[in-house]
Amino acid sequence: MPTITPVRGDITAQPVDAIVNAANNGMRGGGGVDGAIHRAGGRAVLDDCIARFPNGLATGDAGWTTAGELPARWVIHTVGPNVHVGERDPATLESCYRRSLAVADELGARTVAFPMISTGAYGWPIRDAALTAAFTIASTPTHVRHVRLVAFDDEALRTVEFAVLLLTPLRILQAVRVLHRRGAQHARIRPGMSASGGYWRVAVWPEGAGTPGLTYTTGSTTTFLDTEVTAATRPAEVADLMEEANPALRTRVSDPDYALWYEQLLAAVERNRTLPVSYADHFDSSGGWEVGGRDRHPHPPEPRQR
């Protein structure tokens, strides 16, 4: 899994193997990032686009050309969804990142820089675009080792940094799924917001073991159990940390109802690109746990009697 670094800067100047171009369907250059890459890369980029993509490129797909005079070796072109013509399906934007990483793997590129695809003239909201980028890259199998998410101004950079920060709690939540799949289905969580509302936090514990929970708060940024946990950390590695910190999590306890409930919760977290909340000040939990906006997930089943 790659490291993901938010940066503010010029996509054409990134010191990487491949830069990603937010292209259009015609694949003949355009405005914004597309125009900047064609200008900096020179005629060779356009000539390769004409040769390789005589019929253009479909929305959500990706392909590559030479980088011409750019510092990078390759340009990976992808066509993002255009909100202004009704292309609003998040799966299409996700496909841009997945297909670009697949092309990078075909090329052998190990470092890749992405712009915030579709956030310019195509009108995709920057917050949702940043979350889509971070969550999709973090969940896509790839041989790419390092990804740079290039923001165009300070406000966009802060948004991208926030999105990348959420990958640490995501890895913790995914690690609990790993524990369940290893057989420790008594591993439970309680997520919520701090009293100030400024931080999300979670406790993970083995139900019925009489041991304290393992805790994390977003105020700790990427630190969990005195270890840096980032997008590059595999969920299995985080599960190993949890087992080491609380050996009761190595115990095999069957609770299939909770494990299924948790699988469905995590699917909602990954789909909505948000963190679950079971408690907060002025929060009505009667309808279940909040998983983004108005979406609610049922309360967890009661522990199975042992």
# chains A, B, ... in the order shown; residues from 1 in each chain; ligands from 1
>>> residues_around(residues="Ala51 of chain A", least_positions_apart="5", cutoff="12 Å", atoms="only C-alpha atoms", output="list in words")
Met27, Arg28, Ala44, Val45, Leu46, Gly56, Trp64, Thr65 and Thr66 of chain A
>>> write_last_selection(atoms="C-alpha atoms", output="tab-separated table (two decimals), in the first residue's frame")
chain	number	residue	atom	x	y	z
A	27	MET	CA	-7.57	13.60	-25.54
A	28	ARG	CA	-6.23	16.57	-27.48
A	44	ALA	CA	5.41	15.04	-27.98
A	45	VAL	CA	2.56	14.61	-25.49
A	46	LEU	CA	-0.09	15.64	-28.03
A	56	GLY	CA	-10.36	9.56	-27.38
A	64	TRP	CA	-0.61	6.69	-20.78
A	65	THR	CA	1.66	8.69	-23.06
A	66	THR	CA	5.21	9.94	-22.98
>>> select_by_dssp(residues="segment 16-229 of chain A", states="helix (DSSP H, G or I)", output="ChimeraX atom specification")
/A:32-41,43-52,83-85,90-107,126-139,154-165,167-182,218-220
>>> write_last_selection(atoms="C-alpha atoms", output="PDB file, in the first residue's frame")
ATOM      1  CA  GLY A  32      -6.681  23.721 -16.454  1.00  0.00           C
ATOM      2  CA  VAL A  33      -4.413  20.826 -15.510  1.00  0.00           C
ATOM      3  CA  ASP A  34      -4.804  19.324 -18.991  1.00  0.00           C
ATOM      4  CA  GLY A  35      -3.591  22.456 -20.716  1.00  0.00           C
ATOM      5  CA  ALA A  36      -0.740  22.972 -18.252  1.00  0.00           C
ATOM      6  CA  ILE A  37       0.561  19.434 -18.809  1.00  0.00           C
ATOM      7  CA  HIS A  38       0.389  19.736 -22.591  1.00  0.00           C
ATOM      8  CA  ARG A  39       2.178  23.097 -22.524  1.00  0.00           C
ATOM      9  CA  ALA A  40       4.927  21.865 -20.215  1.00  0.00           C
ATOM     10  CA  GLY A  41       5.314  18.517 -21.970  1.00  0.00           C
ATOM     11  CA  ARG A  43       4.300  18.592 -28.792  1.00  0.00           C
ATOM     12  CA  ALA A  44       5.414  15.037 -27.980  1.00  0.00           C
ATOM     13  CA  VAL A  45       2.557  14.614 -25.492  1.00  0.00           C
ATOM     14  CA  LEU A  46      -0.088  15.644 -28.029  1.00  0.00           C
ATOM     15  CA  ASP A  47       1.459  13.524 -30.786  1.00  0.00           C
ATOM     16  CA  ASP A  48       1.368  10.482 -28.499  1.00  0.00           C
ATOM     17  CA  CYS A  49      -2.252  11.233 -27.543  1.00  0.00           C
ATOM     18  CA  ILE A  50      -3.216  11.306 -31.225  1.00  0.00           C
ATOM     19  CA  ALA A  51      -1.360   8.058 -31.921  1.00  0.00           C
ATOM     20  CA  ARG A  52      -2.559   6.131 -28.875  1.00  0.00           C
ATOM     21  CA  VAL A  83     -20.971  17.314 -12.874  1.00  0.00           C
ATOM     22  CA  HIS A  84     -22.328  19.915 -15.303  1.00  0.00           C
ATOM     23  CA  VAL A  85     -23.500  17.234 -17.751  1.00  0.00           C
ATOM     24  CA  PRO A  90     -18.893   8.649  -7.266  1.00  0.00           C
ATOM     25  CA  ALA A  91     -17.989   5.236  -8.703  1.00  0.00           C
ATOM     26  CA  THR A  92     -16.844   6.976 -11.893  1.00  0.00           C
ATOM     27  CA  LEU A  93     -14.469   9.232  -9.977  1.00  0.00           C
ATOM     28  CA  GLU A  94     -13.222   6.221  -8.004  1.00  0.00           C
ATOM     29  CA  SER A  95     -12.577   4.450 -11.313  1.00  0.00           C
ATOM     30  CA  CYS A  96     -10.276   7.282 -12.411  1.00  0.00           C
ATOM     31  CA  TYR A  97      -7.974   6.585  -9.465  1.00  0.00           C
ATOM     32  CA  ARG A  98      -8.155   2.799  -9.722  1.00  0.00           C
ATOM     33  CA  ARG A  99      -7.528   2.759 -13.468  1.00  0.00           C
ATOM     34  CA  SER A 100      -4.672   5.257 -13.121  1.00  0.00           C
ATOM     35  CA  LEU A 101      -2.994   3.061 -10.503  1.00  0.00           C
ATOM     36  CA  ALA A 102      -3.503   0.016 -12.733  1.00  0.00           C
ATOM     37  CA  VAL A 103      -1.806   1.831 -15.615  1.00  0.00           C
ATOM     38  CA  ALA A 104       1.017   2.883 -13.275  1.00  0.00           C
ATOM     39  CA  ASP A 105       1.502  -0.774 -12.359  1.00  0.00           C
ATOM     40  CA  GLU A 106       1.633  -1.736 -16.043  1.00  0.00           C
ATOM     41  CA  LEU A 107       4.342   0.874 -16.583  1.00  0.00           C
ATOM     42  CA  ILE A 126     -13.336  19.546  -3.429  1.00  0.00           C
ATOM     43  CA  ARG A 127     -14.151  17.914  -0.072  1.00  0.00           C
ATOM     44  CA  ASP A 128     -15.856  14.929  -1.670  1.00  0.00           C
ATOM     45  CA  ALA A 129     -13.172  14.704  -4.351  1.00  0.00           C
ATOM     46  CA  ALA A 130     -10.396  14.658  -1.739  1.00  0.00           C
ATOM     47  CA  LEU A 131     -12.137  11.972   0.327  1.00  0.00           C
ATOM     48  CA  THR A 132     -12.739   9.908  -2.804  1.00  0.00           C
ATOM     49  CA  ALA A 133      -9.085  10.210  -3.790  1.00  0.00           C
ATOM     50  CA  ALA A 134      -7.732   9.289  -0.360  1.00  0.00           C
ATOM     51  CA  PHE A 135     -10.115   6.405   0.378  1.00  0.00           C
ATOM     52  CA  THR A 136      -9.865   4.934  -3.142  1.00  0.00           C
ATOM     53  CA  ILE A 137      -6.078   5.012  -3.295  1.00  0.00           C
ATOM     54  CA  ALA A 138      -5.872   3.544   0.216  1.00  0.00           C
ATOM     55  CA  SER A 139      -8.154   0.637  -0.740  1.00  0.00           C
ATOM     56  CA  ASP A 154      -3.973  26.468   0.596  1.00  0.00           C
ATOM     57  CA  GLU A 155      -7.679  25.816   1.126  1.00  0.00           C
ATOM     58  CA  ALA A 156      -7.608  22.766  -1.131  1.00  0.00           C
ATOM     59  CA  LEU A 157      -4.461  21.554   0.625  1.00  0.00           C
ATOM     60  CA  ARG A 158      -6.170  21.703   4.030  1.00  0.00           C
ATOM     61  CA  THR A 159      -9.075  19.723   2.606  1.00  0.00           C
ATOM     62  CA  VAL A 160      -6.761  17.062   1.198  1.00  0.00           C
ATOM     63  CA  GLU A 161      -4.812  16.887   4.469  1.00  0.00           C
ATOM     64  CA  PHE A 162      -8.073  16.289   6.358  1.00  0.00           C
ATOM     65  CA  ALA A 163      -9.039  13.501   3.958  1.00  0.00           C
ATOM     66  CA  VAL A 164      -5.666  11.789   4.321  1.00  0.00           C
ATOM     67  CA  LEU A 165      -5.827  12.079   8.129  1.00  0.00           C
ATOM     68  CA  LEU A 167      -7.032   7.052   6.695  1.00  0.00           C
ATOM     69  CA  THR A 168      -5.519   6.339  10.127  1.00  0.00           C
ATOM     70  CA  PRO A 169      -8.883   5.661  11.810  1.00  0.00           C
ATOM     71  CA  LEU A 170      -9.969   3.815   8.668  1.00  0.00           C
ATOM     72  CA  ARG A 171      -7.026   1.431   9.050  1.00  0.00           C
ATOM     73  CA  ILE A 172      -7.966   0.908  12.720  1.00  0.00           C
ATOM     74  CA  LEU A 173     -11.548   0.053  11.778  1.00  0.00           C
ATOM     75  CA  GLN A 174     -10.320  -2.262   9.014  1.00  0.00           C
ATOM     76  CA  ALA A 175      -7.995  -3.941  11.523  1.00  0.00           C
ATOM     77  CA  VAL A 176     -10.981  -4.892  13.674  1.00  0.00           C
ATOM     78  CA  ARG A 177     -12.409  -6.675  10.636  1.00  0.00           C
ATOM     79  CA  VAL A 178      -9.108  -8.537  10.355  1.00  0.00           C
ATOM     80  CA  LEU A 179      -9.423  -9.607  14.008  1.00  0.00           C
ATOM     81  CA  HIS A 180     -12.916 -10.925  13.310  1.00  0.00           C
ATOM     82  CA  ARG A 181     -11.688 -12.868  10.297  1.00  0.00           C
ATOM     83  CA  ARG A 182      -8.932 -14.359  12.430  1.00  0.00           C
ATOM     84  CA  THR A 218      -7.950  11.995  15.692  1.00  0.00           C
ATOM     85  CA  GLY A 219      -6.159  14.461  17.963  1.00  0.00           C
ATOM     86  CA  SER A 220      -3.314  11.922  17.887  1.00  0.00           C
TER      87      SER A 220
END
>>> closest_residue(among="A:Ala209, A:Ala62, A:Ala121, A:Ala22", to="Arg250 of chain A", atoms="only C-alpha atoms")
A:Ala209
>>> residues_around(residues="segment 110-119 of chain A", least_positions_apart="6", cutoff="6 Å", atoms="only C-alpha atoms", output="PyMOL selection string")
chain A and resi 16-20+22+80+126+144-150
>>> closest_residue(among="A:His282, A:Gly120, A:Trp261, A:Glu87", to="Ser196 of chain A", atoms="only C-alpha atoms")
A:His282
